[in-house]
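With compact mmCIF, C-alpha atoms inside, this is final.txt:
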# COMPACT_ATOMS: atom_id res chain seq x y z
CA MET X 1 0.00 0.00 0.00
CA THR X 2 1.00 3.59 -0.43
CA ALA X 3 1.12 5.83 2.61
CA HIS X 4 -1.99 7.65 1.37
CA GLU X 5 -3.93 4.40 0.93
CA LEU X 6 -2.97 3.24 4.40
CA ARG X 7 -3.90 6.55 6.02
CA THR X 8 -7.26 6.60 4.24
CA ALA X 9 -8.07 3.02 5.30
CA LEU X 10 -7.12 3.67 8.92
CA GLU X 11 -9.18 6.88 9.04
CA ALA X 12 -12.20 4.88 7.83
CA GLN X 13 -11.41 2.06 10.30
CA GLU X 14 -11.47 -0.38 7.38
CA SER X 15 -9.09 -2.97 8.74
CA ASP X 16 -9.29 -5.35 5.79
CA ARG X 17 -8.03 -2.60 3.48
CA ALA X 18 -5.17 -1.73 5.81
CA LEU X 19 -4.04 -5.18 6.99
CA ARG X 20 -3.74 -8.67 5.53
CA ARG X 21 -5.23 -11.54 7.53
CA LEU X 22 -3.02 -14.45 8.62
CA PRO X 23 -4.75 -17.55 10.02
CA VAL X 24 -3.11 -18.59 13.28
CA ARG X 25 -2.80 -21.95 15.00
CA ALA X 26 -1.72 -22.71 18.54
CA GLY X 27 2.07 -22.74 18.89
CA GLN X 28 2.91 -20.40 16.00
CA THR X 29 5.19 -17.37 16.41
CA VAL X 30 5.55 -14.16 14.43
CA HIS X 31 8.31 -11.57 14.84
CA VAL X 32 6.86 -8.08 14.31
CA PRO X 33 9.52 -5.46 13.47
CA GLY X 34 9.09 -1.94 14.80
CA GLY X 35 6.93 0.18 12.49
CA THR X 36 4.61 -2.67 11.47
CA PRO X 37 0.86 -1.99 11.87
CA HIS X 38 -0.70 -5.08 13.41
CA SER X 39 -3.67 -6.36 15.38
CA PHE X 40 -4.99 -9.62 16.82
CA GLY X 41 -8.28 -11.13 15.79
CA PRO X 42 -11.15 -12.09 18.12
CA ALA X 43 -10.89 -15.24 20.24
CA THR X 44 -7.10 -15.15 19.92
CA LEU X 45 -4.87 -15.52 22.98
CA VAL X 46 -1.25 -14.46 22.47
CA HIS X 47 1.92 -14.40 24.55
CA GLU X 48 3.68 -11.16 23.60
CA ILE X 49 7.28 -10.25 24.41
CA GLU X 50 8.73 -6.96 23.20
CA GLN X 51 11.57 -4.49 23.16
CA THR X 52 11.61 -2.00 26.03
CA SER X 53 10.13 1.23 24.68
CA ASP X 54 7.76 4.02 25.61
CA ILE X 55 6.70 4.61 21.97
CA GLN X 56 3.61 2.94 20.57
CA GLN X 57 1.16 4.41 18.07
CA HIS X 58 -2.52 3.46 17.95
CA ALA X 59 -4.94 3.64 15.02
CA MET X 60 -7.99 2.59 17.04
CA ARG X 61 -10.86 4.95 17.84
CA TRP X 62 -10.88 3.77 21.45
CA ASN X 63 -8.38 3.68 24.30
CA MET X 64 -6.93 0.21 24.70
CA GLU X 65 -6.61 0.55 28.49
CA HIS X 66 -10.29 1.19 29.31
CA GLY X 67 -12.28 1.28 26.06
CA SER X 68 -13.27 4.96 26.19
CA PRO X 69 -13.72 6.64 22.78
CA VAL X 70 -10.94 8.65 21.11
CA GLY X 71 -12.10 11.97 19.68
CA ASP X 72 -11.46 13.18 16.13
CA GLU X 73 -8.61 15.54 17.04
CA GLU X 74 -6.76 12.95 19.13
CA SER X 75 -7.34 10.27 16.48
CA ALA X 76 -5.88 12.49 13.76
CA ALA X 77 -2.83 13.21 15.93
CA ASN X 78 -2.39 9.48 16.60
CA LEU X 79 -2.47 8.72 12.87
CA ASP X 80 -0.01 11.54 12.16
CA MET X 81 2.47 9.90 14.54
CA LEU X 82 1.76 6.40 13.20
CA MET X 83 2.42 7.50 9.62
CA ARG X 84 5.76 9.01 10.68
CA GLN X 85 6.84 5.64 12.09
CA VAL X 86 5.24 3.11 9.71
CA ASP X 87 7.36 0.74 7.64
CA LEU X 88 5.27 0.03 4.53
CA ALA X 89 7.61 -2.75 3.36
CA SER X 90 7.32 -4.87 6.52
CA ARG X 91 5.50 -8.18 5.92
CA PRO X 92 6.33 -10.56 8.78
CA GLU X 93 5.47 -14.25 8.49
CA PHE X 94 5.04 -17.07 10.98
CA THR X 95 8.21 -18.98 11.87
CA PRO X 96 8.21 -22.62 13.08
CA GLY X 97 11.18 -22.17 15.41
CA LEU X 98 14.36 -24.23 15.69
CA ARG X 99 14.30 -27.39 17.81
CA ILE X 100 17.07 -29.04 19.77
CA ALA X 101 17.05 -31.94 22.21
CA ALA X 102 17.83 -30.92 25.79
CA GLY X 103 17.50 -34.19 27.63
CA ASP X 104 15.51 -37.44 27.72
CA GLY X 105 12.10 -36.34 26.45
CA VAL X 106 13.04 -32.66 26.88
CA GLU X 107 12.84 -30.38 23.82
CA ARG X 108 13.93 -26.75 23.49
CA VAL X 109 12.47 -24.67 20.65
CA PHE X 110 13.92 -21.25 19.81
CA LEU X 111 10.83 -19.34 18.64
CA THR X 112 12.37 -15.94 17.97
CA ALA X 113 15.54 -14.08 18.89
CA SER X 114 16.93 -10.58 18.40
CA ARG X 115 19.22 -8.26 20.33
CA HIS X 116 16.13 -6.97 22.17
CA PHE X 117 14.55 -10.26 23.31
CA ALA X 118 14.37 -14.00 22.82
CA LEU X 119 11.49 -16.40 23.31
CA GLU X 120 11.78 -20.17 23.72
CA ARG X 121 9.31 -22.99 24.27
CA TRP X 122 10.43 -25.93 26.41
CA THR X 123 8.55 -29.21 26.75
CA ALA X 124 9.35 -32.18 28.96
CA GLY X 125 7.88 -35.61 29.58
CA THR X 126 8.15 -37.63 32.75
CA ALA X 127 11.54 -39.32 32.15
CA GLU X 128 13.64 -36.29 33.04
CA PRO X 129 12.86 -32.78 34.36
CA LEU X 130 13.56 -29.68 32.32
CA ARG X 131 16.82 -28.14 33.53
CA HIS X 132 18.08 -24.79 32.24
CA ALA X 133 20.96 -22.55 33.34
CA PHE X 134 20.71 -18.82 32.60
CA ALA X 135 22.70 -15.60 32.96
CA THR X 136 19.89 -13.03 32.58
CA ALA X 137 16.44 -12.79 34.16
CA GLN X 138 13.89 -15.24 32.75
CA ILE X 139 10.16 -14.75 32.30
CA LEU X 140 8.66 -18.24 32.67
CA THR X 141 5.07 -18.66 31.50
CA ASN X 142 3.27 -21.96 31.86
CA VAL X 143 1.13 -22.82 28.80
CA GLY X 144 0.24 -26.36 29.89
CA ALA X 145 -1.10 -28.10 32.97
CA PRO X 146 0.17 -26.94 36.40
CA VAL X 147 3.85 -27.73 36.89
CA ARG X 148 6.36 -27.79 39.72
CA VAL X 149 9.08 -25.17 39.26
CA ARG X 150 12.25 -24.92 41.37
CA SER X 151 14.83 -22.14 41.09
CA GLY X 152 17.40 -21.54 43.81
CA ALA X 153 15.69 -21.85 47.18
CA TRP X 154 12.27 -21.04 45.69
CA SER X 155 9.71 -23.50 44.43
CA GLY X 156 6.15 -23.11 43.25
CA GLU X 157 3.41 -24.54 41.06
CA PRO X 158 2.25 -22.04 38.42
CA GLY X 159 -1.03 -22.93 36.73
CA ARG X 160 -1.92 -22.56 33.06
CA ALA X 161 -1.22 -19.02 31.72
CA GLU X 162 0.54 -18.00 34.96
CA THR X 163 3.95 -16.29 34.81
CA VAL X 164 6.95 -16.30 37.14
CA LEU X 165 9.88 -13.86 36.99
CA LEU X 166 13.19 -15.61 37.73
CA PRO X 167 15.95 -13.12 38.66
CA ALA X 168 19.33 -13.65 37.01
CA VAL X 169 20.98 -14.30 40.38
CA LEU X 170 19.13 -17.63 40.66
CA GLY X 171 21.12 -18.97 37.71
CA GLU X 172 19.11 -22.09 36.95
CA VAL X 173 15.60 -23.51 36.87
CA GLU X 174 14.17 -27.02 37.05
CA VAL X 175 10.63 -27.86 35.89
CA THR X 176 9.14 -31.27 36.61
CA GLY X 177 7.33 -32.79 33.63
CA PRO X 178 5.04 -33.24 31.93
CA ALA X 179 5.67 -29.57 31.19
CA ASP X 180 5.05 -27.01 28.45
CA VAL X 181 6.52 -23.59 29.29
CA LEU X 182 7.72 -20.42 27.57
CA LEU X 183 10.94 -18.65 28.55
CA GLY X 184 11.46 -15.02 27.55
CA TYR X 185 14.67 -13.12 28.25
CA LEU X 186 17.17 -10.49 27.09
CA PRO X 187 19.80 -12.59 25.32
CA GLY X 188 23.48 -12.48 24.70
CA LEU X 189 22.95 -13.65 21.12
CA ASP X 190 26.26 -15.47 20.73
CA ARG X 191 26.10 -17.17 24.12
CA ASP X 192 22.38 -17.87 24.47
CA VAL X 193 21.20 -18.41 20.89
CA ARG X 194 23.90 -18.92 18.28
CA ALA X 195 26.17 -21.22 20.33
CA PRO X 196 23.57 -23.88 21.23
CA LEU X 197 22.03 -23.81 17.74
CA LEU X 198 25.40 -24.05 15.98
CA ALA X 199 26.30 -26.94 18.29
CA ALA X 200 23.07 -28.64 17.27
CA GLY X 201 24.05 -28.37 13.59
CA TYR X 202 22.07 -25.33 12.42
CA ALA X 203 23.73 -22.98 9.90
CA LEU X 204 23.90 -19.23 10.53
CA PRO X 205 21.43 -18.34 7.71
CA VAL X 206 18.88 -20.68 9.32
CA ILE X 207 19.48 -19.15 12.74
CA ARG X 208 18.88 -15.69 11.26
CA SER X 209 15.43 -16.89 10.13
CA LEU X 210 14.32 -16.57 13.76
CA THR X 211 13.79 -12.89 13.03
CA ALA X 212 12.02 -13.34 9.71
CA GLY X 213 10.88 -9.88 8.72
CA ALA X 214 14.21 -8.40 9.87
CA PRO X 215 14.70 -6.52 13.15
CA SER X 216 14.16 -2.78 13.19
CA THR X 217 17.19 -0.59 12.57
CA ARG X 218 15.55 2.47 14.12
CA ASP X 219 16.53 2.00 17.75
CA GLY X 220 14.62 4.40 19.94
CA GLY X 221 12.83 5.97 16.98
CA GLY X 222 10.09 3.57 15.98
CA GLU X 223 7.44 1.40 17.48
CA ARG X 224 9.00 -1.44 19.43
CA ASP X 225 10.00 -4.78 17.99
CA GLN X 226 7.84 -7.53 19.40
CA ALA X 227 6.95 -11.15 18.97
CA ALA X 228 3.75 -13.05 19.60
CA GLY X 229 3.67 -16.76 20.17

Do you think you could lay out the structure here as structure tokens?
Amino acid sequence: MTAHELRTALEAQESDRALRRLPVRAGQTVHVPGGTPHSFGPATLVHEIEQTSDIQQHAMRWNMEHGSPVGDEESAANLDMLMRQVDLASRPEFTPGLRIAAGDGVERVFLTASRHFALERWTAGTAEPLRHAFATAQILTNVGAPVRVRSGAWSGEPGRAETVLLPAVLGEVEVTGPADVLLGYLPGLDRDVRAPLLAAGYALPVIRSLTAGAPSTRDGGGERDQAAG
């Protein structure tokens, strides 16, 4: 679309003119570069991890926080800012992730990774618990049945869709299977992403596919990079 076509469609709140529709299935991930207009359809539950930023532009005619209407003047100002940040060439696609074995019945899937964030999905059966060492804080979200989590001196049992923040000082986590959890974190790309994937036999071009759609090059100047799984 041209900038004029996009602006006209957003002013008319005609989403199907402004955005393409991508059918989504459970377990898929999409990396959304900064500057990409996007939305989530009804009856869709997403786990979203994103670059730290205080810049986000909205095209909606209501406030996301509480649903109150946005007036004409504020809406026009919002669209002015959005059009200054938009990347018309961005067309992100779903990525399947890169899988490696991490134990007996334990699988680690790198869903997306950039200098701003990484997101992994770990699953484990009953033969061996999930064990993971880490150097930066981890955001652990349980997407399966309740599981037993132990990290340092702490232990707990997060239920489905519950999240636990594991400070970096804890250094490791153990999850008793059967387990299906997401781990989000700020990576050292060479240490946390490239090294284990290269050791598992993946080539660098394949590893770079984790950020299909290409990460934003406008640090601090555009809408934040984010990923939804």

(message) I'd like to know which of X:Leu210, X:Ala179, X:Ala43, X:Ala168 is closest to X:Ala127, using all atoms listed in the file.
(response) X:Ala179

(request) With a distance cut-off of 12 Å and only C-alpha atoms, select the neighbouring residues of X:Arg191, excluding the residue or stretch itself and same-chain residues fewer than 3 positions from it, and output the selection as an MDAnalysis selection string. (result) chainID X and resid 115 133:136 186:188 194:199

Within 12 Å of X:Val70 using all atoms listed in the file, minus same-chain residues under 4 positions, as a compact mmCIF listing (two decimals) with C-alpha atoms, keeping the file's coordinate frame:
# COMPACT_ATOMS: atom_id res chain seq x y z
CA HIS X 58 -2.52 3.46 17.95
CA ALA X 59 -4.94 3.64 15.02
CA MET X 60 -7.99 2.59 17.04
CA ARG X 61 -10.86 4.95 17.84
CA TRP X 62 -10.88 3.77 21.45
CA ASN X 63 -8.38 3.68 24.30
CA MET X 64 -6.93 0.21 24.70
CA GLU X 65 -6.61 0.55 28.49
CA HIS X 66 -10.29 1.19 29.31
CA GLU X 74 -6.76 12.95 19.13
CA SER X 75 -7.34 10.27 16.48
CA ALA X 76 -5.88 12.49 13.76
CA ALA X 77 -2.83 13.21 15.93
CA ASN X 78 -2.39 9.48 16.60
CA LEU X 79 -2.47 8.72 12.87

(message) as number ranges by chain, please: the residues near X:Gly159 (cut-off 7 Å, only C-alpha atoms, same-chain neighbours under 6 positions excluded).
(response) X: 142, 145-147

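Compared by their closest atoms to X:Pro37, and using only C-alpha atoms, the residues X:Val86, X:Ala203, X:Ile55, X:Val24 rank with X:Val86 nearest.
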
(message) Residues within 12 Å of (-6.4, 9.1, 3.8), file coordinates, counting all atoms listed in the file: what are they? Give the list as a ChimeraX atom specification.
(response) /X:1-14,17-18,76,79-80,83

(message) So that I can see what lies close to X:Val143, please list as a ChimeraX atom specification the residues with an atom at most 6 Å from it, counting only C-alpha atoms and leaving out residues fewer than 3 positions away in the same chain.
(response) /X:160-161,180-181

(message) Using Å and a single decimal, report how far atom CA of X:Thr95 sits from atom CA of X:Tyr185.
(response)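 Spanning atom CA of X:Tyr185 to atom CA of X:Thr95 is a straight-line distance of 18.6 Å.
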
(request) Tell me, in Å to one decimal, how far atom CA of X:Gly144 is from atom CA of X:Thr123. (result) 9.3 Å

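In this comparison, which uses only C-alpha atoms, the residue of X:Pro92, X:Gly67, X:Gly152, X:Gly103 approaching X:Thr36 most closely is X:Pro92.
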
(request) State, in Å with one decimal place, the distance from atom CA of X:Ala200 to atom CA of X:Leu183. (result)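 So the answer is 19.3 Å.
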
(request) With only C-alpha atoms counted, which protein, DNA or RNA residues have an atom no more than 10 Å from (4.2, -18.7, 10.1) in the file frame? Please answer as JSON, numbers by chain. (result) {"X": [22, 23, 24, 25, 27, 28, 29, 30, 31, 92, 93, 94, 95, 96, 97, 212]}
